[in-house]
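Everything below belongs to start.txt, which stores compact mmCIF, C-alpha atoms.
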```
# COMPACT_ATOMS: atom_id res chain seq x y z
CA MET A 1 0.00 0.00 0.00
CA SER A 2 1.44 3.38 -1.00
CA PRO A 3 0.02 6.78 0.01
CA LEU A 4 1.96 8.27 -2.90
CA GLY A 5 3.74 10.85 -0.86
CA ILE A 6 7.07 9.96 -2.46
CA PRO A 7 8.21 11.04 -5.91
CA GLY A 8 7.61 8.60 -8.77
CA PRO A 9 8.80 8.52 -12.35
CA ARG A 10 7.84 11.53 -14.41
CA GLU A 11 6.00 11.08 -17.68
CA ALA A 12 7.79 12.10 -20.84
CA GLU A 13 5.04 14.07 -22.53
CA SER A 14 5.44 15.95 -25.76
CA ASP A 15 5.00 19.71 -26.25
CA GLY A 16 5.98 19.76 -28.82
CA PRO A 17 -3.93 5.52 -55.39
CA GLN A 18 -2.11 6.80 -58.08
CA ASP A 19 0.78 9.16 -58.07
CA GLY A 20 0.42 12.14 -60.34
CA GLU A 21 -0.42 15.80 -60.39
CA GLY A 22 -4.13 15.69 -59.45
CA PRO A 23 -5.54 16.93 -56.14
CA GLY A 24 -5.63 13.38 -54.73
CA SER A 25 -2.12 12.41 -55.74
CA SER A 26 0.87 11.77 -53.52
CA ALA A 27 2.64 14.80 -54.97
CA ALA A 28 -0.33 17.06 -54.23
CA ALA A 29 -0.70 15.67 -50.71
CA HIS A 30 3.02 16.20 -50.14
CA GLU A 31 2.72 19.82 -51.28
CA ARG A 32 -0.30 20.44 -49.04
CA ALA A 33 1.48 18.94 -46.05
CA SER A 34 4.55 21.09 -46.64
CA ARG A 35 2.51 24.29 -47.01
CA GLY A 36 0.38 23.49 -43.97
CA ALA A 37 3.35 22.81 -41.74
CA GLU A 38 5.36 25.81 -42.91
CA GLN A 39 2.63 28.46 -43.15
CA GLY A 40 0.78 27.53 -39.96
CA ARG A 41 -2.63 27.40 -41.65
CA ARG A 42 -5.56 25.46 -40.25
CA LEU A 43 -4.90 21.76 -40.56
CA ARG A 44 -7.43 19.37 -42.03
CA VAL A 45 -7.40 15.98 -40.33
CA LEU A 46 -9.26 12.77 -41.01
CA ALA A 47 -9.81 11.00 -37.69
CA VAL A 48 -10.48 7.28 -38.13
CA THR A 49 -11.82 5.38 -35.15
CA ASN A 50 -13.73 2.24 -34.22
CA ILE A 51 -14.73 3.55 -30.78
CA TYR A 52 -17.14 6.48 -30.69
CA PRO A 53 -20.30 7.18 -28.68
CA THR A 54 -23.61 6.13 -30.23
CA PRO A 55 -27.15 6.10 -28.81
CA GLU A 56 -26.79 2.34 -28.30
CA ARG A 57 -23.34 2.65 -26.69
CA PRO A 58 -23.08 6.13 -25.13
CA ALA A 59 -19.95 5.31 -23.12
CA LEU A 60 -17.91 3.89 -26.00
CA GLY A 61 -14.94 6.02 -27.00
CA THR A 62 -15.95 9.18 -25.17
CA PHE A 63 -12.26 10.06 -24.85
CA VAL A 64 -11.99 10.03 -28.66
CA GLU A 65 -15.03 12.28 -28.93
CA GLN A 66 -13.52 14.69 -26.40
CA GLN A 67 -10.20 14.76 -28.24
CA ILE A 68 -11.92 15.62 -31.51
CA LYS A 69 -13.97 18.35 -29.84
CA GLY A 70 -10.77 19.78 -28.39
CA LEU A 71 -9.05 19.86 -31.78
CA ARG A 72 -12.03 21.57 -33.38
CA ALA A 73 -12.18 24.09 -30.54
CA ILE A 74 -8.62 25.27 -31.25
CA GLY A 75 -9.37 25.69 -34.95
CA LEU A 76 -8.48 22.42 -36.68
CA GLU A 77 -10.79 20.98 -39.31
CA VAL A 78 -11.45 17.40 -38.21
CA GLU A 79 -13.64 14.94 -40.11
CA VAL A 80 -14.55 11.64 -38.45
CA GLU A 81 -14.59 8.29 -40.23
CA PHE A 82 -16.36 6.02 -37.74
CA VAL A 83 -15.91 2.29 -38.32
CA ASP A 84 -18.67 0.70 -36.24
CA ARG A 85 -16.96 -2.50 -35.14
CA ALA A 86 -19.19 -2.94 -32.06
CA GLY A 87 -22.39 -2.60 -34.08
CA ARG A 88 -21.47 -4.33 -37.35
CA GLY A 89 -18.86 -6.92 -36.41
CA MET A 90 -15.39 -7.75 -37.73
CA GLY A 91 -16.55 -7.62 -41.34
CA VAL A 92 -16.63 -3.85 -41.15
CA TYR A 93 -12.83 -3.86 -41.41
CA ARG A 94 -12.90 -5.46 -44.87
CA ASP A 95 -12.91 -2.17 -46.77
CA ALA A 96 -12.14 0.23 -43.91
CA GLY A 97 -8.73 1.16 -45.28
CA ALA A 98 -10.02 1.85 -48.77
CA ARG A 99 -12.87 3.96 -47.41
CA ALA A 100 -10.45 5.98 -45.29
CA ARG A 101 -8.23 6.53 -48.32
CA ARG A 102 -11.18 7.78 -50.40
CA ARG A 103 -12.49 10.00 -47.61
CA ALA A 104 -9.07 11.55 -47.04
CA ARG A 105 -8.87 12.45 -50.72
CA GLU A 106 -12.41 13.80 -50.82
CA ILE A 107 -11.81 16.24 -47.97
CA GLY A 108 -8.20 17.02 -48.87
CA ALA A 109 -6.87 15.87 -45.50
CA ASP A 110 -3.35 16.92 -44.60
CA LEU A 111 -2.97 13.75 -42.56
CA VAL A 112 -4.89 10.73 -41.32
CA HIS A 113 -5.01 10.02 -37.59
CA VAL A 114 -6.12 6.51 -36.61
CA MET A 115 -7.29 6.88 -33.01
CA TYR A 116 -6.89 3.25 -31.96
CA GLY A 117 -4.59 0.45 -33.03
CA GLY A 118 -5.34 -3.12 -34.03
CA ILE A 119 -6.81 -4.33 -37.32
CA LEU A 120 -8.28 -0.94 -38.16
CA ALA A 121 -4.91 0.80 -37.91
CA ASP A 122 -3.30 -2.01 -39.90
CA GLU A 123 -5.81 -1.63 -42.75
CA VAL A 124 -5.69 2.17 -42.83
CA THR A 125 -1.90 2.46 -42.76
CA ARG A 126 -1.68 -0.17 -45.51
CA GLU A 127 -4.16 1.57 -47.81
CA VAL A 128 -3.35 5.23 -47.15
CA THR A 129 0.03 5.91 -48.72
CA ASP A 130 -0.43 9.37 -50.24
CA ARG A 131 -0.34 11.44 -47.03
CA PRO A 132 1.07 11.16 -43.48
CA ARG A 133 -0.48 8.62 -41.10
CA LEU A 134 -0.51 8.95 -37.33
CA VAL A 135 -1.66 6.16 -35.00
CA SER A 136 -2.70 6.43 -31.34
CA PHE A 137 -2.34 3.30 -29.21
CA CYS A 138 -4.53 3.27 -26.12
CA GLY A 139 -4.14 0.01 -24.19
CA SER A 140 -5.42 -3.41 -25.22
CA ASP A 141 -4.44 -2.71 -28.83
CA LEU A 142 -0.83 -3.22 -27.67
CA LEU A 143 -1.30 -5.25 -24.49
CA GLY A 144 -4.01 -7.72 -25.54
CA GLU A 145 -6.92 -9.11 -23.50
CA LEU A 146 -5.41 -11.75 -21.27
CA LEU A 147 -8.42 -12.22 -19.00
CA SER A 148 -11.08 -12.68 -21.68
CA GLY A 149 -12.29 -16.01 -23.03
CA TRP A 150 -10.15 -18.01 -25.41
CA TRP A 151 -11.75 -16.48 -28.52
CA ARG A 152 -11.16 -12.90 -27.38
CA ARG A 153 -7.59 -13.80 -26.44
CA VAL A 154 -7.01 -15.11 -29.96
CA VAL A 155 -8.63 -12.08 -31.58
CA SER A 156 -6.77 -9.64 -29.34
CA GLY A 157 -3.50 -11.42 -30.13
CA LEU A 158 -4.17 -10.87 -33.83
CA GLY A 159 -4.96 -7.25 -33.00
CA VAL A 160 -1.63 -6.78 -31.23
CA ARG A 161 0.24 -8.13 -34.25
CA ALA A 162 -1.80 -5.82 -36.48
CA SER A 163 -0.84 -2.92 -34.20
CA HIS A 164 2.82 -3.79 -34.67
CA ARG A 165 2.45 -3.67 -38.46
CA ALA A 166 0.62 -0.35 -38.24
CA ALA A 167 3.28 1.10 -35.94
CA ARG A 168 6.03 0.23 -38.41
CA ARG A 169 4.13 1.90 -41.28
CA ALA A 170 2.98 4.98 -39.41
CA ASP A 171 4.71 8.33 -39.84
CA GLY A 172 4.08 9.18 -36.21
CA ILE A 173 2.95 7.32 -33.08
CA ILE A 174 1.12 8.47 -29.96
CA VAL A 175 0.87 6.32 -26.84
CA LYS A 176 -1.03 7.21 -23.70
CA SER A 177 1.53 6.02 -21.14
CA ARG A 178 5.06 4.73 -20.65
CA ASN A 179 4.03 1.08 -20.48
CA LEU A 180 2.45 1.37 -23.94
CA ARG A 181 5.61 2.93 -25.32
CA ASP A 182 7.53 -0.03 -23.95
CA ALA A 183 5.07 -2.40 -25.65
CA LEU A 184 5.76 -1.02 -29.14
CA PRO A 185 7.56 -3.31 -31.56
CA THR A 186 11.18 -2.98 -32.56
CA GLY A 187 12.17 -1.65 -35.94
CA LEU A 188 10.53 1.78 -35.67
CA GLY A 189 13.66 3.65 -36.66
CA THR A 190 13.68 7.37 -35.84
CA LYS A 191 9.97 8.04 -36.29
CA PRO A 192 8.50 10.15 -33.49
CA VAL A 193 6.86 8.35 -30.56
CA VAL A 194 5.04 10.73 -28.23
CA ILE A 195 3.48 10.03 -24.83
CA LEU A 196 0.30 12.10 -24.73
CA PRO A 197 -2.61 11.16 -22.44
CA ASN A 198 -6.14 12.12 -23.37
CA GLY A 199 -7.51 15.37 -22.05
CA VAL A 200 -10.37 16.06 -19.64
CA ASP A 201 -13.21 18.53 -20.05
CA LEU A 202 -12.61 20.58 -16.90
CA ALA A 203 -15.77 22.59 -17.47
CA ARG A 204 -17.80 19.40 -17.20
CA PHE A 205 -15.72 17.57 -14.59
CA SER A 206 -15.57 19.74 -11.50
CA PRO A 207 -16.54 19.34 -7.84
CA LEU A 208 -20.31 19.18 -7.28
CA ASP A 209 -22.30 18.93 -4.09
CA ARG A 210 -22.09 15.30 -3.04
CA ALA A 211 -25.45 15.16 -1.25
CA THR A 212 -27.26 16.62 -4.25
CA CYS A 213 -25.62 14.14 -6.61
CA ARG A 214 -26.56 11.20 -4.39
CA GLU A 215 -30.14 12.39 -4.12
CA SER A 216 -30.43 12.68 -7.92
CA LEU A 217 -29.26 9.05 -8.27
CA GLY A 218 -31.42 7.74 -5.44
CA TRP A 219 -28.42 6.66 -3.36
CA SER A 220 -28.27 6.45 0.41
CA ALA A 221 -26.98 9.62 2.02
CA SER A 222 -25.10 7.72 4.74
CA SER A 223 -23.38 4.86 2.86
CA PHE A 224 -19.77 4.81 1.70
CA HIS A 225 -20.08 4.85 -2.09
CA VAL A 226 -17.35 3.50 -4.37
CA LEU A 227 -17.40 3.91 -8.16
CA PHE A 228 -16.04 1.09 -10.32
CA PRO A 229 -15.35 2.01 -13.99
CA PHE A 230 -16.72 -0.88 -16.05
CA ASN A 231 -18.08 0.88 -19.12
CA THR A 232 -17.26 -1.83 -21.66
CA GLY A 233 -17.69 -4.88 -19.43
CA ASP A 234 -14.06 -5.84 -20.15
CA ARG A 235 -12.87 -8.61 -17.81
CA ARG A 236 -9.43 -7.01 -17.57
CA LYS A 237 -11.12 -4.53 -15.21
CA ARG A 238 -11.45 -7.48 -12.75
CA PRO A 239 -14.86 -6.74 -11.21
CA TRP A 240 -14.51 -9.77 -8.93
CA LEU A 241 -11.48 -8.15 -7.30
CA ALA A 242 -13.34 -4.89 -6.80
CA GLN A 243 -16.27 -6.73 -5.24
CA ALA A 244 -13.96 -8.73 -2.96
CA ALA A 245 -12.42 -5.47 -1.72
CA ILE A 246 -15.85 -4.03 -0.99
CA ASP A 247 -16.81 -7.21 0.88
CA ARG A 248 -13.72 -6.79 3.06
CA VAL A 249 -14.64 -3.17 3.76
CA ARG A 250 -18.11 -4.28 4.86
CA GLU A 251 -16.56 -6.88 7.15
CA ARG A 252 -14.83 -3.96 8.88
CA GLY A 253 -18.20 -2.40 9.70
CA VAL A 254 -18.39 0.15 6.88
CA ALA A 255 -21.69 0.40 4.97
CA ALA A 256 -19.98 0.29 1.58
CA GLU A 257 -21.71 0.13 -1.80
CA LEU A 258 -20.05 -0.59 -5.16
CA HIS A 259 -21.45 1.16 -8.22
CA PRO A 260 -20.31 -0.12 -11.65
CA LEU A 261 -20.05 2.79 -14.08
CA ARG A 262 -21.50 1.25 -17.22
CA ASP A 263 -23.69 2.55 -20.05
CA VAL A 264 -23.86 5.98 -18.42
CA PRO A 265 -24.04 8.90 -20.89
CA HIS A 266 -20.88 10.98 -20.62
CA GLU A 267 -22.77 14.09 -19.58
CA ARG A 268 -24.00 12.19 -16.50
CA VAL A 269 -20.63 10.79 -15.46
CA PRO A 270 -19.66 13.87 -13.39
CA VAL A 271 -22.76 13.30 -11.24
CA TRP A 272 -21.77 9.66 -10.62
CA ILE A 273 -18.19 10.59 -9.77
CA ASN A 274 -19.19 13.38 -7.40
CA ALA A 275 -21.77 11.16 -5.70
CA CYS A 276 -19.00 8.76 -4.69
CA ASP A 277 -16.42 8.84 -1.93
CA ALA A 278 -13.81 7.06 -4.06
CA VAL A 279 -13.10 5.65 -7.50
CA LEU A 280 -11.68 2.10 -7.44
CA LEU A 281 -9.51 0.76 -10.27
CA THR A 282 -8.54 -2.93 -10.22
CA SER A 283 -7.54 -3.47 -13.85
CA LEU A 284 -4.92 -5.95 -14.98
CA HIS A 285 -3.49 -3.22 -17.19
CA GLU A 286 -4.36 0.26 -18.44
CA GLY A 287 -2.97 3.00 -20.61
CA SER A 288 -4.03 6.37 -19.26
CA PRO A 289 -7.51 5.81 -17.78
CA ASN A 290 -9.54 8.97 -18.21
CA VAL A 291 -11.75 8.15 -15.24
CA VAL A 292 -8.77 8.73 -12.94
CA LYS A 293 -8.16 12.21 -14.34
CA GLU A 294 -11.89 12.94 -14.26
CA ALA A 295 -12.13 11.90 -10.61
CA LEU A 296 -9.15 14.06 -9.68
CA ALA A 297 -10.69 17.00 -11.55
CA CYS A 298 -13.71 16.52 -9.24
CA ASP A 299 -11.48 16.28 -6.13
CA VAL A 300 -12.62 12.68 -5.57
CA ALA A 301 -10.22 10.13 -4.08
CA VAL A 302 -8.79 7.34 -6.22
CA VAL A 303 -7.70 3.90 -5.02
CA SER A 304 -5.94 1.98 -7.77
CA LEU A 305 -3.48 -0.69 -8.69
CA ASP A 306 -0.19 0.54 -10.14
CA VAL A 307 -1.22 0.36 -13.79
CA GLY A 308 -0.64 2.59 -16.82
CA ASP A 309 0.13 6.16 -15.83
CA VAL A 310 -1.92 6.11 -12.62
CA ARG A 311 1.19 6.45 -10.41
CA GLU A 312 2.16 9.66 -12.22
CA ARG A 313 -1.36 11.06 -11.92
CA LEU A 314 -1.69 10.32 -8.18
CA GLU A 315 1.82 11.25 -7.18
CA GLY A 316 1.85 13.53 -4.15
CA ILE A 317 -1.96 13.77 -3.77
CA ALA A 318 -2.91 13.12 -0.15
CA GLY A 319 -5.88 10.80 0.21
CA CYS A 320 -5.23 8.78 -2.97
CA TYR A 321 -3.65 5.34 -2.74
CA LEU A 322 -1.93 2.64 -4.77
CA ALA A 323 -2.26 -0.98 -3.72
CA THR A 324 -1.38 -4.48 -4.86
CA PRO A 325 -4.16 -6.72 -6.26
CA ASP A 326 -5.03 -8.01 -2.80
CA PRO A 327 -8.62 -7.53 -1.54
CA GLY A 328 -7.46 -6.88 2.00
CA GLU A 329 -4.97 -4.22 0.98
CA LEU A 330 -7.48 -2.54 -1.33
CA ALA A 331 -10.02 -2.60 1.50
CA GLY A 332 -7.48 -0.98 3.82
CA CYS A 333 -6.97 1.85 1.35
CA LEU A 334 -10.72 2.34 0.96
CA GLN A 335 -11.13 2.43 4.74
CA ARG A 336 -8.50 5.16 4.94
CA VAL A 337 -10.52 7.15 2.42
CA HIS A 338 -13.64 6.53 4.53
CA GLU A 339 -11.85 7.87 7.60
CA GLY A 340 -10.37 10.83 5.71
CA PRO A 341 -11.62 14.36 5.11
CA GLY A 342 -14.00 13.41 2.30
CA ARG A 343 -12.40 15.29 -0.59
CA VAL A 344 -8.88 15.42 -2.00
CA GLN A 345 -7.12 18.49 -3.36
CA ALA A 346 -6.32 17.44 -6.92
CA ARG A 347 -8.16 19.60 -9.42
CA ALA A 348 -5.33 22.10 -9.88
CA ARG A 349 -3.05 19.22 -10.95
CA MET A 350 -5.37 18.45 -13.87
CA ALA A 351 -4.95 21.83 -15.55
CA ASP A 352 -2.25 20.41 -17.83
CA PHE A 353 -4.73 17.77 -19.01
CA SER A 354 -7.53 20.09 -20.06
CA ILE A 355 -8.83 19.19 -23.50
CA ASP A 356 -7.61 22.48 -24.97
CA ARG A 357 -4.05 22.08 -23.70
CA VAL A 358 -3.87 18.47 -24.85
CA ALA A 359 -5.34 19.50 -28.23
CA ALA A 360 -2.64 22.17 -28.59
CA ARG A 361 0.06 19.59 -27.88
CA LEU A 362 -1.53 17.22 -30.37
CA GLU A 363 -1.54 19.93 -33.03
CA ARG A 364 2.19 20.37 -32.48
CA VAL A 365 2.61 16.62 -33.00
CA TYR A 366 0.67 16.89 -36.26
CA ARG A 367 2.83 19.74 -37.50
CA ASP A 368 6.01 17.92 -36.54
CA VAL A 369 4.90 14.83 -38.50
CA LEU A 370 3.96 17.00 -41.48
CA ALA A 371 7.31 18.77 -41.41
CA ARG A 372 9.20 15.47 -41.18
CA THR A 373 7.31 13.87 -44.06
CA ALA A 374 7.64 17.01 -46.17
CA ARG A 375 11.43 16.60 -46.03
CA ARG A 376 11.27 13.23 -47.71
CA SER A 377 9.52 11.85 -50.78
CA PRO A 378 7.23 10.07 -51.32
CA VAL A 379 5.09 10.95 -48.28
CA GLY A 380 4.38 7.95 -46.04
CA GLY A 381 6.36 4.92 -45.09
CA GLY A 382 6.67 1.48 -46.54
CA ALA A 383 4.77 -1.60 -45.48
```

In structure tokens, how does this file's structure come out?
Amino acid sequence: MSPLGIPGPREAESDGPQDGEGPGSSAAAHERASRGAEQGRRLRVLAVTNIYPTPERPALGTFVEQQIKGLRAIGLEVEVEFVDRAGRGMGVYRDAGARARRRAREIGADLVHVMYGGILADEVTREVTDRPRLVSFCGSDLLGELLSGWWRRVVSGLGVRASHRAARRADGIIVKSRNLRDALPTGLGTKPVVILPNGVDLARFSPLDRATCRESLGWSASSFHVLFPFNTGDRRKRPWLAQAAIDRVRERGVAAELHPLRDVPHERVPVWINACDAVLLTSLHEGSPNVVKEALACDVAVVSLDVGDVRERLEGIAGCYLATPDPGELAGCLQRVHEGPGRVQARARMADFSIDRVAARLERVYRDVLARTARRSPVGGGA
């Protein structure tokens, strides 16, 4: 158990199909990229993603939606190519790369940003060769799904290999945390690899009156409420471990309740976070879980395993704790939160992760990739 009062490793974040003469050619795309990077004009980006909120799945890919909103807010022109894997199945990938290539040409995109790895990134980086390609890796696309059933383990293993191919083709790579950078394949050469977590909408995620939030959700005013992020139902979140920790807390005489955060529209998530005394994270692995940053922006305590970039986010914040995957130790941390002052002082630390600041850093990544690719010809890498 660690109260995180000691310094931890700092995160290395960055601030920083025919060739011819037609508008869709490699030469024309190369010229556009060069002009855009050098003249500082508004960039036009095609964002390709297979995770994006829909009415059926309002919690899916909200961090992608927020990133796109942030880029648009600072003046970039961003078009979204949504590949609905969850709704249409694996077959949707069959022509995803070709569709991205056509869409990029139609809108005159300066670059294509694939906002998740796996098969989608593999297909898009293979098909799009006439303009720069950037890929963001977020977690399971590089780490796999080791706790899922045998079929998901096989599929996720194929996805990891596809991510490796996409990483080698890409002109630029973004990862959300150090452990994802370490999971990248060899053979990337000198291409830029940037650690850049997703941003948080600080206007939406802010401290709210806890009693009012609980009343709106119909929760007991006197119980100790713990939020468990489980939006996709992914077994790597280890709900059984979270429940075991809560059971141990109850054995210690605390009236604890566990609330899985699942299928909650993003605009309602701040109410759920503020209604709770703590957010509990028991995942096998993570990248940069947004729920941790969102909780801290609301001054809500976090109890977590040492996964992804959570150590960096919690470093030095009194009332937040890291633990090993032991129910008793997790319960001890939760009990310390229960006995604590009720709120942590963390919101000021999240200023660097506002969606506008992260969007500005991402724009600098785009311009760096454009400048690098403009210095060589043809634009794009090999397979």

task = Might you pull out every residue within 10 Å of A:Ala256, with all atoms listed in the file counted and same-chain residues fewer than 5 positions away left off, and present them as a list of chain:residue names?
result =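 Here the qualifying residues turn out to be A:Ser222, A:Ser223, A:Phe224, A:His225, A:Val226, A:Ile246, A:Asp247, A:Arg248, A:Val249, A:Arg250, A:Glu251, A:Asp277, A:Leu334, A:Gln335, A:His338.
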
Top pick for closest residue to A:Ser206, considering A:Asp309, A:Glu315, A:Asp141, A:Glu294 and counting only C-alpha atoms =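 Nearest to A:Ser206: A:Glu294.
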
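One finds atom CA of A:Arg94 at 24.0 Å from atom CA of A:Gly172.
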
Compute the distance from (-10.8, -3.5, 0.2) to each atom, counting only C-alpha atoms, keep the residues with any atom at most 12 Å away, and return them as a PDB file with C-alpha atoms, keeping the file's coordinate frame; use the coordinates of the file.
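Here's the written file point_24.pdb:
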```pdb
ATOM      1  CA  MET A   1       0.000   0.000   0.000  1.00  0.00           C
ATOM      2  CA  VAL A 226     -17.350   3.500  -4.370  1.00  0.00           C
ATOM      3  CA  TRP A 240     -14.510  -9.770  -8.930  1.00  0.00           C
ATOM      4  CA  LEU A 241     -11.480  -8.150  -7.300  1.00  0.00           C
ATOM      5  CA  ALA A 242     -13.340  -4.890  -6.800  1.00  0.00           C
ATOM      6  CA  GLN A 243     -16.270  -6.730  -5.240  1.00  0.00           C
ATOM      7  CA  ALA A 244     -13.960  -8.730  -2.960  1.00  0.00           C
ATOM      8  CA  ALA A 245     -12.420  -5.470  -1.720  1.00  0.00           C
ATOM      9  CA  ILE A 246     -15.850  -4.030  -0.990  1.00  0.00           C
ATOM     10  CA  ASP A 247     -16.810  -7.210   0.880  1.00  0.00           C
ATOM     11  CA  ARG A 248     -13.720  -6.790   3.060  1.00  0.00           C
ATOM     12  CA  VAL A 249     -14.640  -3.170   3.760  1.00  0.00           C
ATOM     13  CA  ARG A 250     -18.110  -4.280   4.860  1.00  0.00           C
ATOM     14  CA  GLU A 251     -16.560  -6.880   7.150  1.00  0.00           C
ATOM     15  CA  ARG A 252     -14.830  -3.960   8.880  1.00  0.00           C
ATOM     16  CA  VAL A 254     -18.390   0.150   6.880  1.00  0.00           C
ATOM     17  CA  ALA A 256     -19.980   0.290   1.580  1.00  0.00           C
ATOM     18  CA  GLU A 257     -21.710   0.130  -1.800  1.00  0.00           C
ATOM     19  CA  LEU A 258     -20.050  -0.590  -5.160  1.00  0.00           C
ATOM     20  CA  ALA A 278     -13.810   7.060  -4.060  1.00  0.00           C
ATOM     21  CA  LEU A 280     -11.680   2.100  -7.440  1.00  0.00           C
ATOM     22  CA  LEU A 281      -9.510   0.760 -10.270  1.00  0.00           C
ATOM     23  CA  THR A 282      -8.540  -2.930 -10.220  1.00  0.00           C
ATOM     24  CA  VAL A 303      -7.700   3.900  -5.020  1.00  0.00           C
ATOM     25  CA  SER A 304      -5.940   1.980  -7.770  1.00  0.00           C
ATOM     26  CA  LEU A 305      -3.480  -0.690  -8.690  1.00  0.00           C
ATOM     27  CA  TYR A 321      -3.650   5.340  -2.740  1.00  0.00           C
ATOM     28  CA  LEU A 322      -1.930   2.640  -4.770  1.00  0.00           C
ATOM     29  CA  ALA A 323      -2.260  -0.980  -3.720  1.00  0.00           C
ATOM     30  CA  THR A 324      -1.380  -4.480  -4.860  1.00  0.00           C
ATOM     31  CA  PRO A 325      -4.160  -6.720  -6.260  1.00  0.00           C
ATOM     32  CA  ASP A 326      -5.030  -8.010  -2.800  1.00  0.00           C
ATOM     33  CA  PRO A 327      -8.620  -7.530  -1.540  1.00  0.00           C
ATOM     34  CA  GLY A 328      -7.460  -6.880   2.000  1.00  0.00           C
ATOM     35  CA  GLU A 329      -4.970  -4.220   0.980  1.00  0.00           C
ATOM     36  CA  LEU A 330      -7.480  -2.540  -1.330  1.00  0.00           C
ATOM     37  CA  ALA A 331     -10.020  -2.600   1.500  1.00  0.00           C
ATOM     38  CA  GLY A 332      -7.480  -0.980   3.820  1.00  0.00           C
ATOM     39  CA  CYS A 333      -6.970   1.850   1.350  1.00  0.00           C
ATOM     40  CA  LEU A 334     -10.720   2.340   0.960  1.00  0.00           C
ATOM     41  CA  GLN A 335     -11.130   2.430   4.740  1.00  0.00           C
ATOM     42  CA  ARG A 336      -8.500   5.160   4.940  1.00  0.00           C
ATOM     43  CA  VAL A 337     -10.520   7.150   2.420  1.00  0.00           C
ATOM     44  CA  HIS A 338     -13.640   6.530   4.530  1.00  0.00           C
TER      45      HIS A 338
END
```

key: Between atom CA of A:Val112 and atom CA of A:Lys191 - distance in Å to one decimal   = 15.9 Å

ask   = Could you work out how far atom CA of A:Asp306 lies from atom CA of A:Arg268, giving the answer in Å with one decimal?
value =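 Answer for the atom CA of A:Arg268 to atom CA of A:Asp306 separation: 27.3 Å.
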
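Considering the residues A:Leu158, A:Glu106, A:Ala47, A:Ala203 and counting all atoms listed in the file, A:Ser136 has its shortest atom-to-atom contact with A:Ala47.
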
request  = Find the residue from A:Leu370, A:Asp201, A:Gly117, A:Gly342 that sits nearest to A:Ala73; use all atoms listed in the file when measuring.
outcome  = A:Asp201

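If all atoms listed in the file are the atoms counted, then among A:Val358, A:Val292, A:Ala297, A:Val193 the closest residue to A:Arg311 is A:Val292.
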
task = Compile the contact shell of A:Glu123 as JSON, numbers by chain: residues with an atom at most 9 Å away, counting only C-alpha atoms, same-chain residues fewer than 5 positions apart removed.
result = {"A": [93, 94, 95, 96, 97, 98, 118, 128, 162, 166]}

ask   = Which one is closest to A:Pro192: A:Ile273, A:Val135, A:Val114, A:Leu143? Count only C-alpha atoms.
value = A:Val135

Shortest interatomic distance to A:Asp352 - which of A:Arg178, A:Asn198, A:Val369, A:Val291, counting only C-alpha atoms =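 Among A:Arg178, A:Asn198, A:Val369, A:Val291, it is A:Asn198 that comes nearest to A:Asp352.
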
For stretch 307-317 of chain A, supply N, CA and C atoms and format the output as a compact mmCIF listing (two decimals), in the frame of the given file.
```txt
# COMPACT_ATOMS: atom_id res chain seq x y z
N VAL A 307 -1.08 0.70 -12.38
CA VAL A 307 -1.22 0.36 -13.79
C VAL A 307 -1.15 1.63 -14.64
N GLY A 308 -0.69 1.46 -15.90
CA GLY A 308 -0.64 2.59 -16.82
C GLY A 308 0.10 3.77 -16.22
N ASP A 309 -0.51 4.95 -16.36
CA ASP A 309 0.13 6.16 -15.83
C ASP A 309 -0.50 6.62 -14.52
N VAL A 310 -1.22 5.71 -13.84
CA VAL A 310 -1.92 6.11 -12.62
C VAL A 310 -0.94 6.62 -11.56
N ARG A 311 0.21 5.98 -11.41
CA ARG A 311 1.19 6.45 -10.41
C ARG A 311 1.55 7.91 -10.67
N GLU A 312 1.81 8.27 -11.91
CA GLU A 312 2.16 9.66 -12.22
C GLU A 312 1.01 10.61 -11.87
N ARG A 313 -0.22 10.18 -12.16
CA ARG A 313 -1.36 11.06 -11.92
C ARG A 313 -1.62 11.25 -10.42
N LEU A 314 -1.38 10.23 -9.61
CA LEU A 314 -1.69 10.32 -8.18
C LEU A 314 -0.54 10.81 -7.34
N GLU A 315 0.62 10.92 -7.94
CA GLU A 315 1.82 11.25 -7.18
C GLU A 315 1.64 12.52 -6.34
N GLY A 316 1.86 12.38 -5.04
CA GLY A 316 1.85 13.53 -4.15
C GLY A 316 0.47 14.02 -3.73
N ILE A 317 -0.61 13.35 -4.13
CA ILE A 317 -1.96 13.77 -3.77
C ILE A 317 -2.39 13.02 -2.51
```
